[in-house]
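Q: What follows is protein-v4.txt, made up of compact mmCIF, C-alpha atoms and all ligand atoms:
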```txt
# COMPACT_ATOMS: atom_id res chain seq x y z
CA MET A 175 172.74 72.24 36.86
CA ILE A 176 170.86 70.26 34.27
CA GLY A 177 172.28 70.88 30.82
CA ARG A 178 171.30 69.97 27.34
CA PRO A 179 169.84 66.48 26.85
CA GLN A 180 172.44 63.94 25.80
CA ASP A 181 170.14 61.61 23.92
CA SER A 182 166.61 61.45 22.61
CA ARG A 183 165.15 59.81 25.75
CA GLN A 184 166.47 62.64 27.89
CA ARG A 185 164.56 65.14 25.78
CA ILE A 186 161.25 63.78 27.02
CA ILE A 187 159.64 65.38 30.09
CA VAL A 188 156.50 63.45 31.05
CA ALA A 189 153.74 65.65 32.51
CA LEU A 190 152.45 63.85 35.62
CA ASP A 191 148.98 65.35 35.33
CA VAL A 192 147.51 63.04 37.98
CA ALA A 193 146.07 63.81 41.39
CA ASP A 194 147.29 61.03 43.63
CA GLU A 195 150.11 58.70 44.58
CA ALA A 196 148.67 55.68 42.75
CA GLY A 197 148.48 57.67 39.51
CA LEU A 198 152.03 58.91 39.97
CA LEU A 199 153.45 55.45 40.71
CA ARG A 200 151.58 53.86 37.79
CA LEU A 201 153.54 56.14 35.46
CA VAL A 202 156.89 56.58 37.21
CA ASP A 203 157.37 52.86 37.88
CA VAL A 204 157.23 52.07 34.16
CA LEU A 205 158.77 55.26 32.75
CA HIS A 206 161.82 55.98 34.91
CA GLY A 207 164.98 55.33 32.95
CA ARG A 208 163.02 55.67 29.71
CA VAL A 209 162.52 59.45 29.81
CA GLY A 210 164.55 62.45 30.93
CA MET A 211 162.32 64.02 33.55
CA PHE A 212 158.92 64.12 35.21
CA LYS A 213 156.92 67.34 35.42
CA ILE A 214 155.07 67.90 38.68
CA GLY A 215 152.52 70.69 38.40
CA LYS A 216 150.00 72.42 40.61
CA GLU A 217 147.45 69.59 40.74
CA LEU A 218 149.83 66.90 41.94
CA PHE A 219 151.88 69.18 44.18
CA THR A 220 148.79 70.61 45.85
CA SER A 221 147.50 67.16 46.58
CA LEU A 222 150.70 65.30 47.56
CA GLY A 223 153.15 68.09 48.45
CA PRO A 224 156.90 67.44 48.49
CA ARG A 225 156.17 63.70 48.72
CA ALA A 226 155.41 63.82 44.98
CA ILE A 227 159.01 64.88 44.41
CA SER A 228 160.54 62.26 46.69
CA LEU A 229 158.47 59.47 45.13
CA VAL A 230 159.97 60.36 41.74
CA ARG A 231 163.51 60.95 43.06
CA ASP A 232 163.51 57.69 45.06
CA ARG A 233 162.96 55.87 41.76
CA GLY A 234 165.89 57.66 40.13
CA GLY A 235 163.73 60.16 38.22
CA GLU A 236 164.54 63.84 37.73
CA VAL A 237 161.89 66.46 38.48
CA PHE A 238 160.72 69.61 36.68
CA LEU A 239 158.69 71.44 39.34
CA ASP A 240 156.18 73.45 37.31
CA LEU A 241 154.57 75.72 39.89
CA LYS A 242 155.11 78.91 37.83
CA TYR A 243 156.19 81.13 40.71
CA HIS A 244 155.00 84.74 40.49
CA ASP A 245 155.35 86.84 43.65
CA ILE A 246 157.59 89.45 45.24
CA PRO A 247 161.32 88.69 44.85
CA ASN A 248 161.89 87.71 48.49
CA THR A 249 159.05 85.18 48.45
CA VAL A 250 160.09 83.65 45.14
CA ALA A 251 163.71 83.40 46.30
CA GLY A 252 162.52 81.46 49.37
CA ALA A 253 160.40 79.13 47.25
CA VAL A 254 163.33 78.48 44.90
CA ARG A 255 165.60 77.65 47.87
CA SER A 256 163.00 75.21 49.18
CA ALA A 257 162.62 73.59 45.77
CA ALA A 258 166.40 73.29 45.40
CA ARG A 259 166.57 71.52 48.79
CA LEU A 260 163.97 69.04 47.55
CA GLY A 261 166.34 68.16 44.71
CA VAL A 262 164.38 69.35 41.69
CA SER A 263 166.38 69.69 38.47
CA MET A 264 164.27 72.41 36.88
CA LEU A 265 161.55 74.82 38.02
CA SER A 266 159.35 77.43 36.40
CA VAL A 267 158.66 81.09 37.13
CA HIS A 268 156.50 83.68 35.33
CA ALA A 269 158.62 86.13 33.32
CA SER A 270 155.90 88.74 33.99
CA GLY A 271 157.01 88.74 37.65
CA GLY A 272 159.61 91.26 36.44
CA SER A 273 163.37 91.43 36.33
CA GLY A 274 163.81 91.82 40.11
CA MET A 275 161.83 88.66 40.79
CA LEU A 276 163.62 86.77 38.03
CA ARG A 277 167.07 87.77 39.26
CA ALA A 278 166.10 86.80 42.81
CA ALA A 279 165.05 83.35 41.53
CA VAL A 280 168.29 82.89 39.60
CA ASP A 281 170.45 83.98 42.54
CA ALA A 282 168.59 81.73 44.98
CA ALA A 283 169.02 78.74 42.66
CA LEU A 284 172.78 79.31 42.53
CA GLU A 285 173.16 79.30 46.34
CA GLY A 286 172.87 75.55 46.83
CA ALA A 287 175.11 72.67 45.82
CA SER A 288 173.01 71.60 42.84
CA ALA A 289 171.34 74.57 41.19
CA PRO A 290 167.99 73.82 39.55
CA ALA A 291 167.57 75.34 36.08
CA ILE A 292 165.21 78.33 36.16
CA ILE A 293 162.77 78.24 33.25
CA ALA A 294 160.58 81.26 32.53
CA VAL A 295 157.02 81.03 31.26
CA THR A 296 156.32 83.97 28.95
CA LEU A 297 152.64 84.35 28.06
CA LEU A 298 150.22 81.54 28.84
CA THR A 299 149.15 79.98 25.54
CA SER A 300 145.53 80.13 26.74
CA LEU A 301 145.64 83.93 26.34
CA GLY A 302 144.59 85.43 23.01
CA PRO A 303 144.82 88.95 21.55
CA ALA A 304 141.76 90.21 23.50
CA ASP A 305 143.19 88.97 26.82
CA VAL A 306 146.54 90.57 26.04
CA ASP A 307 144.72 93.85 25.42
CA ASP A 308 142.69 93.53 28.65
CA LEU A 309 145.90 92.94 30.59
CA GLY A 310 147.32 96.18 29.23
CA PHE A 311 150.12 94.55 27.24
CA THR A 312 150.81 96.21 23.90
CA GLY A 313 151.12 94.31 20.63
CA GLN A 314 150.12 90.86 19.56
CA PRO A 315 150.61 87.82 21.83
CA ARG A 316 153.71 86.90 19.86
CA ASP A 317 155.26 90.35 20.52
CA VAL A 318 154.55 89.91 24.23
CA VAL A 319 156.14 86.44 24.19
CA LEU A 320 159.30 87.77 22.55
CA ARG A 321 159.49 90.73 24.94
CA LEU A 322 159.01 88.61 28.06
CA ALA A 323 161.52 86.05 26.77
CA ALA A 324 164.14 88.79 26.34
CA LEU A 325 163.35 90.10 29.84
CA GLY A 326 163.79 86.65 31.35
CA LEU A 327 167.03 85.91 29.56
CA SER A 328 168.55 89.28 30.42
CA ALA A 329 167.72 88.55 34.08
CA GLY A 330 169.76 85.34 33.76
CA VAL A 331 167.16 82.57 33.53
CA ASP A 332 168.43 79.34 32.02
CA GLY A 333 165.59 78.80 29.62
CA LEU A 334 162.03 79.36 28.50
CA VAL A 335 158.81 77.41 28.18
CA THR A 336 157.58 78.02 24.69
CA SER A 337 154.87 76.82 22.33
CA PRO A 338 156.10 74.95 19.25
CA ARG A 339 155.29 78.04 17.20
CA GLU A 340 157.78 80.27 18.99
CA VAL A 341 160.75 77.88 19.15
CA GLU A 342 162.21 78.90 15.83
CA PRO A 343 161.99 82.72 16.29
CA LEU A 344 163.39 82.43 19.82
CA ARG A 345 166.36 80.40 18.61
CA ARG A 346 166.96 82.89 15.83
CA LYS A 347 166.91 85.80 18.26
CA HIS A 348 168.71 84.31 21.26
CA GLY A 349 171.00 81.66 19.75
CA GLN A 350 171.81 78.24 21.16
CA ASP A 351 172.24 79.18 24.82
CA PRO A 352 168.72 79.20 26.32
CA LEU A 353 167.14 75.86 27.15
CA LEU A 354 163.84 75.72 25.27
CA VAL A 355 161.13 73.53 26.80
CA THR A 356 158.15 72.89 24.55
CA PRO A 357 154.70 71.50 25.36
CA GLY A 358 152.00 70.91 22.73
CA VAL A 359 153.77 67.93 21.23
CA ARG A 360 151.69 65.38 19.36
CA LEU A 361 152.59 62.37 17.24
CA ALA A 362 151.64 62.61 13.57
CA GLY A 363 148.05 61.36 13.27
CA GLY A 364 147.52 61.39 17.06
CA ALA A 365 144.74 63.23 18.91
CA ALA A 366 145.41 66.95 19.50
CA ASP A 367 143.21 66.85 22.67
CA ASP A 368 142.72 70.49 23.77
CA GLN A 369 146.02 71.72 22.35
CA ALA A 370 145.52 74.33 19.63
CA ARG A 371 149.12 74.68 18.48
CA VAL A 372 150.84 71.36 18.11
CA ALA A 373 154.00 70.04 16.49
CA THR A 374 155.40 66.55 16.14
CA PRO A 375 158.35 65.76 18.42
CA LYS A 376 160.68 65.72 15.45
CA LYS A 377 159.54 69.10 14.13
CA ALA A 378 159.85 70.71 17.58
CA VAL A 379 163.42 69.41 17.94
CA ARG A 380 164.36 70.38 14.39
CA ASP A 381 163.13 73.90 15.10
CA GLY A 382 165.40 74.05 18.15
CA ALA A 383 163.55 72.66 21.20
CA ASP A 384 165.78 70.98 23.81
CA TYR A 385 163.08 69.37 25.96
CA LEU A 386 159.56 68.28 25.05
CA VAL A 387 156.83 68.25 27.70
CA ILE A 388 154.55 65.37 26.78
CA GLY A 389 151.47 64.37 28.73
CA ARG A 390 148.54 62.52 27.26
CA PRO A 391 150.30 60.97 24.23
CA ILE A 392 152.26 58.97 26.83
CA THR A 393 150.14 58.97 29.99
CA ARG A 394 146.84 58.04 28.30
CA ASP A 395 148.40 55.36 26.13
CA PRO A 396 147.44 51.85 27.27
CA ASP A 397 151.19 51.13 27.30
CA PRO A 398 152.98 54.33 28.43
CA ALA A 399 156.44 52.72 28.26
CA ALA A 400 155.93 51.69 24.64
CA ALA A 401 154.60 55.17 23.79
CA ALA A 402 157.69 56.80 25.33
CA ASP A 403 159.96 54.38 23.45
CA ARG A 404 158.21 55.20 20.15
CA ILE A 405 158.71 58.92 20.66
CA ALA A 406 162.37 58.46 21.66
CA LEU A 407 162.92 56.33 18.58
CA GLU A 408 161.30 58.90 16.32
CA LEU A 409 163.56 61.56 17.84
CA SER A 410 166.71 59.46 17.62
CA GLU A 411 166.42 59.42 13.85
CA ASP A 412 167.45 63.07 14.01
CA TYR A 413 170.73 62.39 15.79
O1 LIG A 501 148.72 66.15 27.78
P1 LIG A 501 149.58 67.20 27.14
O2 LIG A 501 150.70 66.63 26.30
O3 LIG A 501 148.77 68.24 26.39
O4 LIG A 501 150.26 67.93 28.38
C1 LIG A 501 151.05 69.06 28.20
C2 LIG A 501 151.54 69.55 29.52
O5 LIG A 501 152.22 70.79 29.30
C3 LIG A 501 150.44 69.84 30.53
O6 LIG A 501 150.98 69.59 31.83
C4 LIG A 501 150.17 71.31 30.35
O7 LIG A 501 149.71 71.94 31.50
C5 LIG A 501 151.57 71.83 29.99
N1 LIG A 501 151.57 73.08 29.24
C6 LIG A 501 150.92 73.23 28.03
N2 LIG A 501 150.95 74.43 27.37
C7 LIG A 501 151.59 75.46 27.91
C8 LIG A 501 152.25 75.32 29.12
C9 LIG A 501 152.21 74.10 29.78
O8 LIG A 501 150.33 72.30 27.52
N3 LIG A 501 151.64 76.59 27.25
```
Let me see the file written as structure tokens.

A:
Amino acid sequence: MIGRPQDSRQRIIVALDVADEAGLLRLVDVLHGRVGMFKIGKELFTSLGPRAISLVRDRGGEVFLDLKYHDIPNTVAGAVRSAARLGVSMLSVHASGGSGMLRAAVDAALEGASAPAIIAVTLLTSLGPADVDDLGFTGQPRDVVLRLAALGLSAGVDGLVTSPREVEPLRRKHGQDPLLVTPGVRLAGGAADDQARVATPKKAVRDGADYLVIGRPITRDPDPAAAADRIALELSEDY
């Protein structure tokens, strides 16, 4: 089971938001060994399948499989078993799948020799107060996030995906145990792109994030390796 990152490089999870093998190799060939993990999401997995995972693993990289499973418990358990066999270190599920589904995911992960960490997504950050209302959830988005986080953790998940804004309240409420994985990270003065709620890497870690999911600030940089090194250096000043 993947634990807490041991150094600032390991904190960085690079989002491989590319659609093909050439795009994947362009990044993984220069970034492996410089960052902690590579996130494979729906775009890349739908286009390349499990090959996306083996291309990363063959180069010594660790994989966060971000397919956000949300289905009946039996189906999610099967998907988690398959992901574990592919050698992923971390995978995501939707907390709103309910406690039965979450427990089934956790149990399935623990069956194999090397259990992937199960990370629960609470409420998608693209959803605002009106969406939350339409979905029939009560309270503000932040209340829903905190409720779904508690549900996930009581079902035994290893951690949560959380926006920079919720890192601090989640740490306060749930202590040091859960792994907190935070997207929306931007360097001071860098482009926010389409991210509405951003924090610098240093602020996210100071607030309690373990892992930072970083895409464009690294992948769109003309020199992705140098960009990753800059972020790791900025983070290492906190150690
Ligand atoms: O390019 P950027 O750094 O914005 O990429 C962030 C990554 O984290 C993307 O893969 C995006 O899908 C993911 N993510 C996010 N916000 C969430 C959950 C996931 O940006 N709430």

Q: In Å, how far is it from CA of Asp332 (chain A) to CA of Tyr385 (chain A)?

A: 12.8 Å

Q: Could you pull out every residue with an atom within 9 Å of (167.5, 66.9, 15.6), file coordinates, counting only C-alpha atoms, and send them as a list in words?

A: Ser182, Lys376, Lys377, Ala378, Val379, Arg380, Asp381, Gly382, Ala383, Leu409, Ser410, Glu411, Asp412 and Tyr413 of chain A

Q: Taking only C-alpha atoms and all ligand atoms into account, name the residue in A:Arg346, A:Arg316, A:Lys216, A:His244 that is nearest to ligand LIG 501 (chain A).

A: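 Among the listed residues, A:Lys216 lies closest to ligand LIG 501 (chain A).
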
Q: Could you check how far CA of Leu260 (chain A) sits from CA of Val280 (chain A), in Å to one decimal?

A: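 Spanning CA of Leu260 (chain A) to CA of Val280 (chain A) is a straight-line distance of 16.5 Å.
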
Q: To check your reading of the model: which residues sit at most 10 Å from ligand LIG 501 (chain A) when counting only C-alpha atoms and all ligand atoms? Write the answer as a PyMOL selection string.

A: chain A and resi 187-192+213-217+240+242+295-301+335-338+355-360+365-372+386-394

Q: Looking at all atoms listed in the file, which of A:His268, A:Leu201, A:Asp317, A:Ala196 is the one that sits closest to Ala400 (chain A)?

A: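 For Ala400 (chain A), the nearest of the given residues is A:Leu201.
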
Q: In Å, rounded to a single decimal, give me how far CA of Gln180 (chain A) is from CA of Pro396 (chain A).

A: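 If I compute the distance from CA of Pro396 (chain A) to CA of Gln180 (chain A), I get 27.8 Å.
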